[in-house]
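Structure first, then comments.
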Amino acid sequence: MKTTPKPSGVIVPLVTPINAAGEPAAIRLVDHLASNGCGMLVLGTTGEVASLPFALRRRYVELAVRTAAQRTPVFACAASNCVSISIDSANDYLALGADAAVGILPNYFKLEPAEILAYFERLAAGVRGPLMVYNMPATTGMSIPLDVIETLSRLPNIAGLKDSEGTAGRREEVAKRFGGRPDFSLFMGIASHSIPALRLGFDGLVPSSGNLYPERWHQLFQAAGAGDWATAEKLQHQLDTIGAVFQRTRTLGQSLAALKAGLGLRNLCGPAMVPPLLPLSLADQEAVRAELRQLG
């Protein structure tokens, strides 16, 4: 049941437009990504998944699948503190046409390695299709141990890992242990680590600034794949500078609000956030857009 060919490329973690213009904005955004060669992860951290009602989650997966129209992959994150809800959600998203479900740890209880393994084994056993493992300590408060990932990687429907952990040496060890396998994909979830990860043999990238500049991320990935590291490094520097506009001195939630403010430059998304997060002030929104205009 391993996915062939295995997942690869740029998978942008899609923001979630809300308010009355939410669905048209979501359609524009998905088309923007797919038209520029990028797949998408619906309902990830960037999509404020933990704050979304389930009906809205399902609707946005439906819109993404329909609008992408098989031009690029659509992954959908099934996030819940209840494993049975995560399993049901994942199967629903796969039935809607998502190419893979994405499983993330519940974040209420602190789990030990044996419990982390048991959670994902139960998830994999219940999900009827490809499942990506998502390691995101910044939101779950837990790192998935590499020995756990080793065991999970041998399960028939575990397609790969999205790793968003910046611990020193983590990406090197992940690449050493899992890189180059024909049945298991590695995706780097920290945008600033993209070139080092690709040099180590990671198969794909998950950059949030791809919502605004998918064409640059696609060019970076293509350049790296062709061995044109000079072009890839140049693009990485540009995109790191852009990423700093969103992240500088901000919490994770505030950086997502800054990203939505920046998307206004291309009329792709409004600034509204899903409670409990708040949009940036009007002055801060304009400051973000002004800085992005200067960067070009």
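Identifiers in the structure tokens: chain A, B, ... in order shown; residue index from 1 per chain; ligand index from 1 in order shown.
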At a cut-off of 8 Å, using only C-alpha atoms, what residues contact stretch 109-117 of chain A? Leave out same-chain residues fewer than 3 positions from it and give the result as an mmCIF file with N, CA and C atoms, in the first residue's frame.
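Done, and the output landed in out-v9.cif:
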data_model
loop_
_atom_site.group_PDB
_atom_site.id
_atom_site.type_symbol
_atom_site.label_atom_id
_atom_site.label_comp_id
_atom_site.auth_asym_id
_atom_site.auth_seq_id
_atom_site.Cartn_x
_atom_site.Cartn_y
_atom_site.Cartn_z
ATOM 1 N N LEU A 105 0.399 14.488 16.558
ATOM 2 C CA LEU A 105 0.130 14.044 17.916
ATOM 3 C C LEU A 105 -0.965 14.868 18.584
ATOM 4 N N PRO A 106 -1.791 14.238 19.414
ATOM 5 C CA PRO A 106 -2.679 15.009 20.296
ATOM 6 C C PRO A 106 -1.813 15.802 21.276
ATOM 7 N N PHE A 120 0.235 6.391 16.887
ATOM 8 C CA PHE A 120 0.353 6.384 15.427
ATOM 9 C C PHE A 120 0.050 5.006 14.841
ATOM 10 N N GLU A 121 0.367 3.943 15.564
ATOM 11 C CA GLU A 121 0.006 2.611 15.080
ATOM 12 C C GLU A 121 -1.505 2.468 14.997
ATOM 13 N N GLY A 141 4.272 20.123 21.849
ATOM 14 C CA GLY A 141 5.106 20.040 23.044
ATOM 15 C C GLY A 141 5.885 18.752 23.143
ATOM 16 N N MET A 142 5.884 17.953 22.076
ATOM 17 C CA MET A 142 6.564 16.658 22.083
ATOM 18 C C MET A 142 7.283 16.444 20.757
ATOM 19 N N ILE A 144 8.692 13.518 18.217
ATOM 20 C CA ILE A 144 8.540 12.098 17.915
ATOM 21 C C ILE A 144 9.932 11.485 17.804
ATOM 22 N N PRO A 145 10.284 10.547 18.680
ATOM 23 C CA PRO A 145 11.631 9.970 18.651
ATOM 24 C C PRO A 145 11.919 9.257 17.325
ATOM 25 N N VAL A 148 10.896 5.670 17.122
ATOM 26 C CA VAL A 148 9.463 5.511 16.856
ATOM 27 C C VAL A 148 9.194 5.667 15.365
ATOM 28 N N LEU A 152 7.422 3.105 12.649
ATOM 29 C CA LEU A 152 6.272 3.540 11.864
ATOM 30 C C LEU A 152 6.554 3.488 10.366
#
Near-A:Gly264 list (10 Å; only C-alpha atoms; drop same-chain fewer than 3 positions) as number ranges by chain = A: 212, 259-261, 267-271, 285-286, 289
Selected residue, from A:Arg181, A:Arg122, A:His218, A:His32, that lies nearest to A:Ser86 when counting only C-alpha atoms = A:Arg122
Among the residues A:Ala101, A:Ile149, A:Ile195, A:Val83, the one that comes closest to A:Ala230 [using only C-alpha atoms] |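 Comparing A:Ala101, A:Ile149, A:Ile195, A:Val83 against A:Ala230, the winner is A:Ile195.
The smallest atom-to-atom distance between A:Arg66 and any of A:Ala290, A:Val30, A:Ala283, A:Leu252, using only C-alpha atoms, is found for A:Val30.
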Residue with smallest distance to A:Ala272 - pool A:Gln254, A:Ser185, A:Asn36, A:Thr139, counting only C-alpha atoms |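 When distances to A:Ala272 are compared using only C-alpha atoms, the smallest one comes from A:Gln254.
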